[in-house]
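Trainee: mmCIF, C-alpha atoms, pLDDT in the B column; chains and numbers go by the auth columns, file target-v4.cif:
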```
data_model
#
loop_
_atom_site.group_PDB
_atom_site.id
_atom_site.type_symbol
_atom_site.label_atom_id
_atom_site.label_comp_id
_atom_site.label_asym_id
_atom_site.label_seq_id
_atom_site.Cartn_x
_atom_site.Cartn_y
_atom_site.Cartn_z
_atom_site.B_iso_or_equiv
_atom_site.auth_seq_id
_atom_site.auth_asym_id
ATOM 1 C CA MET A 1 12.723 -3.692 6.708 95.00 77 X
ATOM 2 C CA VAL A 2 8.964 -3.953 7.052 98.00 78 X
ATOM 3 C CA ARG A 3 7.431 -4.034 10.516 97.00 79 X
ATOM 4 C CA SER A 4 4.109 -3.396 12.233 95.00 80 X
ATOM 5 C CA LEU A 5 2.997 0.188 12.722 93.00 81 X
ATOM 6 C CA ARG A 6 3.315 1.448 16.308 91.00 82 X
ATOM 7 C CA ARG A 7 1.850 4.415 18.137 88.00 83 X
ATOM 8 C CA SER A 8 5.444 5.472 18.867 92.00 84 X
ATOM 9 C CA ASP A 9 5.965 6.116 15.118 92.00 85 X
ATOM 10 C CA ALA A 10 4.076 9.404 15.473 89.00 86 X
ATOM 11 C CA ASP A 11 6.953 11.886 15.209 90.00 87 X
ATOM 12 C CA ASP A 12 8.655 10.071 12.330 94.00 88 X
ATOM 13 C CA TRP A 13 5.373 9.520 10.446 92.00 89 X
ATOM 14 C CA GLN A 14 4.376 13.177 10.800 91.00 90 X
ATOM 15 C CA ALA A 15 7.810 14.437 9.731 94.00 91 X
ATOM 16 C CA VAL A 16 7.941 12.221 6.622 96.00 92 X
ATOM 17 C CA ARG A 17 4.345 13.026 5.647 92.00 93 X
ATOM 18 C CA ALA A 18 4.917 16.782 6.093 92.00 94 X
ATOM 19 C CA ARG A 19 8.145 16.687 4.076 96.00 95 X
ATOM 20 C CA ASN A 20 6.390 14.720 1.304 96.00 96 X
ATOM 21 C CA GLN A 21 3.061 16.550 1.170 94.00 97 X
ATOM 22 C CA ASP A 22 3.469 17.719 -2.442 95.00 98 X
ATOM 23 C CA TRP A 23 4.859 14.303 -3.500 96.00 99 X
ATOM 24 C CA LEU A 24 1.920 12.363 -1.989 94.00 100 X
ATOM 25 C CA GLU A 25 -1.041 14.735 -2.397 92.00 101 X
ATOM 26 C CA PRO A 26 -1.936 13.753 -6.006 93.00 102 X
ATOM 27 C CA TRP A 27 -2.319 10.115 -4.870 93.00 103 X
ATOM 28 C CA ASP A 28 -3.812 10.451 -1.378 90.00 104 X
ATOM 29 C CA ALA A 29 -7.386 9.401 -0.707 88.00 105 X
ATOM 30 C CA THR A 30 -9.726 12.241 0.188 86.00 106 X
ATOM 31 C CA VAL A 31 -13.199 12.360 1.651 86.00 107 X
ATOM 32 C CA PRO A 32 -16.014 12.923 -0.855 89.00 108 X
ATOM 33 C CA PRO A 33 -18.582 15.607 -0.106 86.00 109 X
ATOM 34 C CA GLY A 34 -20.849 14.432 2.699 83.00 110 X
ATOM 35 C CA GLY A 35 -18.413 11.743 3.875 83.00 111 X
ATOM 36 C CA ALA A 36 -17.161 11.333 7.420 77.00 112 X
ATOM 37 C CA PRO A 37 -13.973 13.332 7.972 75.00 113 X
ATOM 38 C CA ARG A 38 -10.633 11.516 7.887 72.00 114 X
ATOM 39 C CA PRO A 39 -8.540 11.363 11.042 69.00 115 X
ATOM 40 C CA ALA A 40 -6.515 14.577 11.190 68.00 116 X
ATOM 41 C CA SER A 41 -3.553 13.465 13.303 74.00 117 X
ATOM 42 C CA TYR A 42 -1.197 10.518 13.502 77.00 118 X
ATOM 43 C CA ARG A 43 -2.683 9.657 16.884 80.00 119 X
ATOM 44 C CA LEU A 44 -6.136 9.303 15.328 81.00 120 X
ATOM 45 C CA VAL A 45 -4.842 7.567 12.172 83.00 121 X
ATOM 46 C CA SER A 46 -2.826 5.039 14.159 83.00 122 X
ATOM 47 C CA ARG A 47 -5.662 4.449 16.619 83.00 123 X
ATOM 48 C CA ALA A 48 -8.065 3.666 13.751 86.00 124 X
ATOM 49 C CA LEU A 49 -5.540 1.418 11.961 86.00 125 X
ATOM 50 C CA LEU A 50 -4.597 -0.472 15.115 87.00 126 X
ATOM 51 C CA GLN A 51 -8.278 -0.973 16.072 90.00 127 X
ATOM 52 C CA GLN A 52 -8.968 -2.338 12.591 91.00 128 X
ATOM 53 C CA ALA A 53 -5.882 -4.558 12.909 90.00 129 X
ATOM 54 C CA ARG A 54 -7.178 -6.034 16.179 90.00 130 X
ATOM 55 C CA ARG A 55 -10.418 -6.893 14.353 92.00 131 X
ATOM 56 C CA GLY A 56 -8.447 -8.542 11.513 90.00 132 X
ATOM 57 C CA GLN A 57 -9.588 -5.983 8.916 93.00 133 X
ATOM 58 C CA THR A 58 -6.286 -4.210 8.317 95.00 134 X
ATOM 59 C CA LEU A 59 -2.557 -4.909 8.571 96.00 135 X
ATOM 60 C CA PRO A 60 -0.600 -1.627 8.842 95.00 136 X
ATOM 61 C CA PHE A 61 3.159 -1.834 8.196 97.00 137 X
ATOM 62 C CA VAL A 62 6.015 0.657 8.299 97.00 138 X
ATOM 63 C CA ILE A 63 8.839 0.651 5.756 98.00 139 X
ATOM 64 C CA GLU A 64 12.213 1.344 7.345 98.00 140 X
ATOM 65 C CA VAL A 65 15.401 2.094 5.442 97.00 141 X
ATOM 66 C CA GLY A 66 18.597 2.185 7.457 95.00 142 X
ATOM 67 C CA GLY A 67 16.555 2.161 10.660 95.00 143 X
ATOM 68 C CA ARG A 68 14.564 5.256 9.622 96.00 144 X
ATOM 69 C CA PHE A 69 10.868 5.584 8.850 97.00 145 X
ATOM 70 C CA ALA A 70 10.560 5.678 5.040 98.00 146 X
ATOM 71 C CA GLY A 71 6.934 4.878 4.217 97.00 147 X
ATOM 72 C CA GLN A 72 3.979 2.650 4.793 96.00 148 X
ATOM 73 C CA VAL A 73 2.274 -0.424 3.342 98.00 149 X
ATOM 74 C CA THR A 74 -1.295 -1.018 4.464 96.00 150 X
ATOM 75 C CA VAL A 75 -3.292 -4.159 3.838 98.00 151 X
ATOM 76 C CA SER A 76 -6.964 -3.188 4.032 96.00 152 X
ATOM 77 C CA ASN A 77 -10.422 -4.537 3.302 96.00 153 X
ATOM 78 C CA VAL A 78 -9.379 -7.976 4.540 97.00 154 X
ATOM 79 C CA ALA A 79 -12.191 -10.358 3.619 97.00 155 X
ATOM 80 C CA ARG A 80 -12.389 -13.816 5.097 96.00 156 X
ATOM 81 C CA GLY A 81 -14.955 -16.548 4.470 96.00 157 X
ATOM 82 C CA SER A 82 -15.058 -17.775 0.900 97.00 158 X
ATOM 83 C CA ALA A 83 -13.152 -14.723 -0.435 97.00 159 X
ATOM 84 C CA GLN A 84 -9.850 -14.678 1.533 98.00 160 X
ATOM 85 C CA TRP A 85 -8.529 -11.542 -0.136 98.00 161 X
ATOM 86 C CA ALA A 86 -7.339 -8.016 0.666 98.00 162 X
ATOM 87 C CA SER A 87 -6.177 -4.808 -0.963 98.00 163 X
ATOM 88 C CA ILE A 88 -2.756 -3.190 -0.541 98.00 164 X
ATOM 89 C CA GLY A 89 -1.855 0.486 -0.611 96.00 165 X
ATOM 90 C CA TYR A 90 1.597 1.976 -0.114 97.00 166 X
ATOM 91 C CA TRP A 91 3.636 5.142 -0.139 97.00 167 X
ATOM 92 C CA VAL A 92 7.326 5.978 0.289 97.00 168 X
ATOM 93 C CA ASP A 93 9.369 9.022 1.148 97.00 169 X
ATOM 94 C CA ALA A 94 10.471 10.763 -2.079 97.00 170 X
ATOM 95 C CA ALA A 95 14.033 10.639 -0.704 96.00 171 X
ATOM 96 C CA VAL A 96 14.103 6.839 -1.162 96.00 172 X
ATOM 97 C CA ALA A 97 11.937 6.550 -4.284 95.00 173 X
ATOM 98 C CA GLY A 98 13.423 4.867 -7.325 94.00 174 X
ATOM 99 C CA ARG A 99 15.717 2.568 -5.316 95.00 175 X
ATOM 100 C CA GLY A 100 13.503 -0.546 -5.396 95.00 176 X
ATOM 101 C CA ILE A 101 12.350 -0.071 -1.800 97.00 177 X
ATOM 102 C CA ALA A 102 8.604 0.100 -2.497 97.00 178 X
ATOM 103 C CA PRO A 103 8.568 -3.063 -4.656 97.00 179 X
ATOM 104 C CA ARG A 104 10.608 -4.980 -2.069 97.00 180 X
ATOM 105 C CA ALA A 105 8.391 -3.831 0.821 98.00 181 X
ATOM 106 C CA VAL A 106 5.175 -4.605 -1.061 98.00 182 X
ATOM 107 C CA ALA A 107 6.560 -8.026 -2.071 98.00 183 X
ATOM 108 C CA MET A 108 7.343 -8.827 1.562 97.00 184 X
ATOM 109 C CA VAL A 109 3.836 -7.842 2.633 98.00 185 X
ATOM 110 C CA ILE A 110 2.188 -9.836 -0.179 98.00 186 X
ATOM 111 C CA ASP A 111 4.209 -12.902 0.798 98.00 187 X
ATOM 112 C CA HIS A 112 3.112 -12.424 4.410 97.00 188 X
ATOM 113 C CA CYS A 113 -0.535 -12.148 3.311 98.00 189 X
ATOM 114 C CA LEU A 114 -0.453 -15.176 1.016 98.00 190 X
ATOM 115 C CA GLY A 115 1.553 -17.164 3.575 97.00 191 X
ATOM 116 C CA PRO A 116 1.044 -16.812 7.337 96.00 192 X
ATOM 117 C CA VAL A 117 -2.052 -14.582 7.102 97.00 193 X
ATOM 118 C CA GLY A 118 -3.717 -17.214 4.916 97.00 194 X
ATOM 119 C CA LEU A 119 -5.167 -15.018 2.196 98.00 195 X
ATOM 120 C CA HIS A 120 -5.741 -16.417 -1.287 98.00 196 X
ATOM 121 C CA ARG A 121 -5.687 -13.187 -3.335 98.00 197 X
ATOM 122 C CA VAL A 122 -4.200 -9.718 -2.968 98.00 198 X
ATOM 123 C CA GLU A 123 -4.967 -6.752 -5.170 98.00 199 X
ATOM 124 C CA ILE A 124 -3.425 -3.349 -5.758 98.00 200 X
ATOM 125 C CA CYS A 125 -5.410 -0.535 -7.367 98.00 201 X
ATOM 126 C CA VAL A 126 -3.415 2.178 -9.136 98.00 202 X
ATOM 127 C CA ARG A 127 -4.414 5.388 -10.858 97.00 203 X
ATOM 128 C CA PRO A 128 -3.471 5.201 -14.559 98.00 204 X
ATOM 129 C CA GLU A 129 -1.433 8.425 -14.204 97.00 205 X
ATOM 130 C CA ASN A 130 0.626 7.153 -11.257 97.00 206 X
ATOM 131 C CA THR A 131 3.684 5.985 -13.178 96.00 207 X
ATOM 132 C CA ASN A 132 5.693 5.326 -10.001 96.00 208 X
ATOM 133 C CA SER A 133 3.093 2.905 -8.602 96.00 209 X
ATOM 134 C CA LEU A 134 2.601 1.321 -12.011 97.00 210 X
ATOM 135 C CA ARG A 135 6.328 0.613 -12.043 96.00 211 X
ATOM 136 C CA VAL A 136 5.980 -1.138 -8.654 97.00 212 X
ATOM 137 C CA VAL A 137 3.286 -3.555 -9.897 97.00 213 X
ATOM 138 C CA GLU A 138 5.265 -4.089 -13.107 96.00 214 X
ATOM 139 C CA LYS A 139 8.391 -5.042 -11.133 95.00 215 X
ATOM 140 C CA LEU A 140 6.275 -7.428 -9.043 96.00 216 X
ATOM 141 C CA GLY A 141 4.892 -9.046 -12.198 95.00 217 X
ATOM 142 C CA LEU A 142 1.264 -8.472 -11.216 97.00 218 X
ATOM 143 C CA GLU A 143 -1.344 -8.870 -13.935 96.00 219 X
ATOM 144 C CA GLN A 144 -4.003 -6.260 -14.574 98.00 220 X
ATOM 145 C CA VAL A 145 -7.348 -7.911 -13.867 98.00 221 X
ATOM 146 C CA GLY A 146 -9.675 -4.964 -14.275 98.00 222 X
ATOM 147 C CA TYR A 147 -10.346 -1.294 -14.654 98.00 223 X
ATOM 148 C CA ALA A 148 -12.552 0.636 -12.243 98.00 224 X
ATOM 149 C CA PRO A 149 -13.914 3.982 -13.445 98.00 225 X
ATOM 150 C CA ARG A 150 -14.355 6.593 -10.687 97.00 226 X
ATOM 151 C CA PHE A 151 -13.185 4.001 -8.137 96.00 227 X
ATOM 152 C CA LEU A 152 -11.770 6.076 -5.252 95.00 228 X
ATOM 153 C CA HIS A 153 -12.033 9.684 -4.138 94.00 229 X
ATOM 154 C CA ILE A 154 -8.476 10.950 -4.477 94.00 230 X
ATOM 155 C CA ASN A 155 -7.142 14.475 -4.367 90.00 231 X
ATOM 156 C CA GLY A 156 -10.640 15.957 -4.463 89.00 232 X
ATOM 157 C CA ASP A 157 -12.401 13.895 -7.145 94.00 233 X
ATOM 158 C CA TRP A 158 -13.468 10.366 -8.089 97.00 234 X
ATOM 159 C CA ARG A 159 -10.550 8.756 -9.920 97.00 235 X
ATOM 160 C CA ASP A 160 -10.241 5.770 -12.244 98.00 236 X
ATOM 161 C CA HIS A 161 -7.975 2.890 -11.207 98.00 237 X
ATOM 162 C CA ARG A 162 -6.318 -0.053 -12.858 98.00 238 X
ATOM 163 C CA ILE A 163 -6.696 -3.207 -10.750 98.00 239 X
ATOM 164 C CA PHE A 164 -3.806 -5.664 -10.406 98.00 240 X
ATOM 165 C CA ALA A 165 -3.997 -8.924 -8.479 98.00 241 X
ATOM 166 C CA VAL A 166 -2.100 -12.052 -7.577 98.00 242 X
ATOM 167 C CA THR A 167 -3.228 -15.341 -6.061 98.00 243 X
ATOM 168 C CA ARG A 168 -1.304 -17.830 -3.964 97.00 244 X
ATOM 169 C CA GLU A 169 -1.301 -20.343 -6.857 97.00 245 X
ATOM 170 C CA GLU A 170 0.426 -17.855 -9.161 96.00 246 X
ATOM 171 C CA VAL A 171 3.414 -17.413 -6.866 96.00 247 X
ATOM 172 C CA PRO A 172 4.085 -20.617 -4.924 95.00 248 X
ATOM 173 C CA GLU A 173 7.685 -19.428 -4.460 94.00 249 X
ATOM 174 C CA GLY A 174 6.512 -15.980 -3.312 95.00 250 X
ATOM 175 C CA ILE A 175 6.506 -12.526 -4.858 95.00 251 X
ATOM 176 C CA GLU A 176 9.830 -11.602 -3.265 94.00 252 X
ATOM 177 C CA ALA A 177 11.508 -14.492 -5.110 92.00 253 X
ATOM 178 C CA ARG A 178 9.888 -13.323 -8.361 88.00 254 X
ATOM 179 C CA LEU A 179 11.112 -9.785 -7.715 86.00 255 X
ATOM 180 C CA SER A 180 14.666 -11.011 -7.103 80.00 256 X
ATOM 181 C CA THR A 181 14.552 -12.958 -10.376 72.00 257 X
ATOM 182 C CA HIS A 182 13.206 -9.899 -12.230 62.00 258 X
ATOM 183 C CA GLN A 183 15.954 -7.674 -10.809 61.00 259 X
ATOM 184 C CA SER A 184 18.704 -10.142 -11.672 54.00 260 X
ATOM 185 C CA HIS A 185 17.603 -10.071 -15.334 53.00 261 X
ATOM 186 C CA GLN A 186 17.904 -6.298 -15.603 55.00 262 X
#
```
I need this file expressed as structure tokens, please.
Mentor:
Amino acid sequence: MVRSLRRSDADDWQAVRARNQDWLEPWDATVPPGGAPRPASYRLVSRALLQQARRGQTLPFVIEVGGRFAGQVTVSNVARGSAQWASIGYWVDAAVAGRGIAPRAVAMVIDHCLGPVGLHRVEICVRPENTNSLRVVEKLGLEQVGYAPRFLHINGDWRDHRIFAVTREEVPEGIEARLSTHQSHQ
């Protein structure tokens, strides 16, 4: 299940993040030298995300598996006007990785963005070394549309990213339907 992030997710979020620190650290955004510090607690993270959500800039979602907190999908950099696009980032608990949960959750969020939210394009940026995330975009059938050298500050340095995107016209039936078709052919 994918649902909106809540302030009451604090204990579960902190427990999953602490348990997965080594699993997530190579892929987590960091603050470059001279940048404003990142929020240090769930309370501050959730406050910032929920404020951005109220302004229509971000859509923070929780991934639940069996009723338990298992990760997060965040739609950020929502641009309106003539662009109508956003970027998606995600992470899952290592305990549920490899079971198709991340692709399904991301597909649900993309369908929500291209449907009710009214966006035209969604992109996902992935480090070339992140084979797990590359597998997610592969399962979703997203096309690589670019390469961004030194794109984001991650794990202490500026890192290159491959850029994948999908538009509403490419998936009139939705990404989740495409994912189901892909899985049935395996």
Trainee: Taking the file as shown, what set of residues would the PyMOL selection byres ((chain X and resi 77) around 9) give back, as a PyMOL selection string?
Mentor: chain X and resi 78-79+138-143+181
Trainee: So that each row is one residue of range 162-262 of chain X with an atom at most 7 Å from range 104-123 of chain X, can you give its shortest atom pair and the distance in Å to one decimal, using all atoms listed in the file, rows by chain and rising number, as CSV?
Mentor:
```
residue,atom,partner,partner_atom,distance
X:His229,CA,X:Thr106,CA,5.5
X:Ile230,CA,X:Ala105,CA,4.2
X:Asn231,CA,X:Thr106,CA,5.7
X:Gly232,CA,X:Thr106,CA,6.0
```
Trainee: Those same residues, written as a PDB file, keeping the file's coordinate frame with C-alpha atoms?
Mentor:
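The resulting file, out08.pdb, is shown below:
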```pdb
ATOM      1  CA  HIS X 229     -12.033   9.684  -4.138  1.00 94.00           C
ATOM      2  CA  ILE X 230      -8.476  10.950  -4.477  1.00 94.00           C
ATOM      3  CA  ASN X 231      -7.142  14.475  -4.367  1.00 90.00           C
ATOM      4  CA  GLY X 232     -10.640  15.957  -4.463  1.00 89.00           C
TER       5      GLY X 232
END
```
Trainee: Point out the residue among X:Val198, X:Ala94, X:Cys189, X:Leu216 with the least atom-to-atom distance to Ile177 in chain X, counting all atoms listed in the file.
Mentor: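 Going through X:Val198, X:Ala94, X:Cys189, X:Leu216 one by one, the smallest distance to Ile177 in chain X is for X:Leu216.
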Trainee: What residues come out when you apply the PyMOL selection byres ((chain X and resi 89) around 12) to this file, written as number ranges by chain?
Mentor: X: 81-88, 90-97, 117-119, 121-122, 137-140, 144-148, 167-169
Trainee: Pick out the closest residue to Pro179 in chain X from this set: X:Glu245, X:Asp236, X:Glu252, X:Glu219. Count only C-alpha atoms.
Mentor: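 With only C-alpha atoms as the atom set, the closest residue is X:Glu252.
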Trainee: Around the point (-8.9, 3.7, -12.4) in the file's coordinates, collect all residues with an atom within 10 Å, using all atoms listed in the file, and return them as a list of chain:residue names.
Mentor: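 Using all atoms listed in the file, the matching residues come out as X:Cys201, X:Val202, X:Arg203, X:Pro204, X:Glu205, X:Gly222, X:Tyr223, X:Ala224, X:Pro225, X:Arg226, X:Phe227, X:Leu228, X:Trp234, X:Arg235, X:Asp236, X:His237, X:Arg238, X:Ile239.
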Trainee: Measure the distance from CA of Gly250 in chain X to CA of Ala155 in chain X in Å and round it to one decimal.
Mentor: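 So the answer is 20.7 Å.
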Trainee: Run the PyMOL selection byres ((chain X and resi 253) around 12) mentally over the shown coordinates, then write out the matched residues as a count of residues only, using the chain letters and numbers from the document.
Mentor: 22
Trainee: Which is closer to Arg156 in chain X than all the others in X:Asn208, X:Gln128, X:Glu246, X:Val193, using only C-alpha atoms?
Mentor: X:Val193
Trainee: Nearest to Leu218 in chain X: which of X:Val154, X:Gly132, X:Asn206, X:Ile200 is it, counting only C-alpha atoms?
Mentor: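 Using only C-alpha atoms, the shortest distance to Leu218 in chain X belongs to X:Ile200.
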Trainee: Which is closer to Thr207 in chain X than all the others in X:Gly174, X:Thr134, X:Leu125, X:Gly165, using only C-alpha atoms?
Mentor: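 Of all the options, X:Gly174 lies closest to Thr207 in chain X.
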Trainee: Go ahead and compute the interatomic distance for CA of His196 in chain X and CA of Gln160 in chain X, in Å to one decimal.
Mentor: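 CA of His196 in chain X sits 5.3 Å away from CA of Gln160 in chain X.
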Trainee: Around all of range 81-91 of chain X's listed atoms, make the axis-aligned box with 5 Å on each side and tell me centre and edge lengths in Å to one decimal, as JSON.
Mentor:
```
{"center_x": 5.3, "center_y": 7.3, "center_z": 14.3, "size_x": 16.8, "size_y": 24.2, "size_z": 19.1}
```
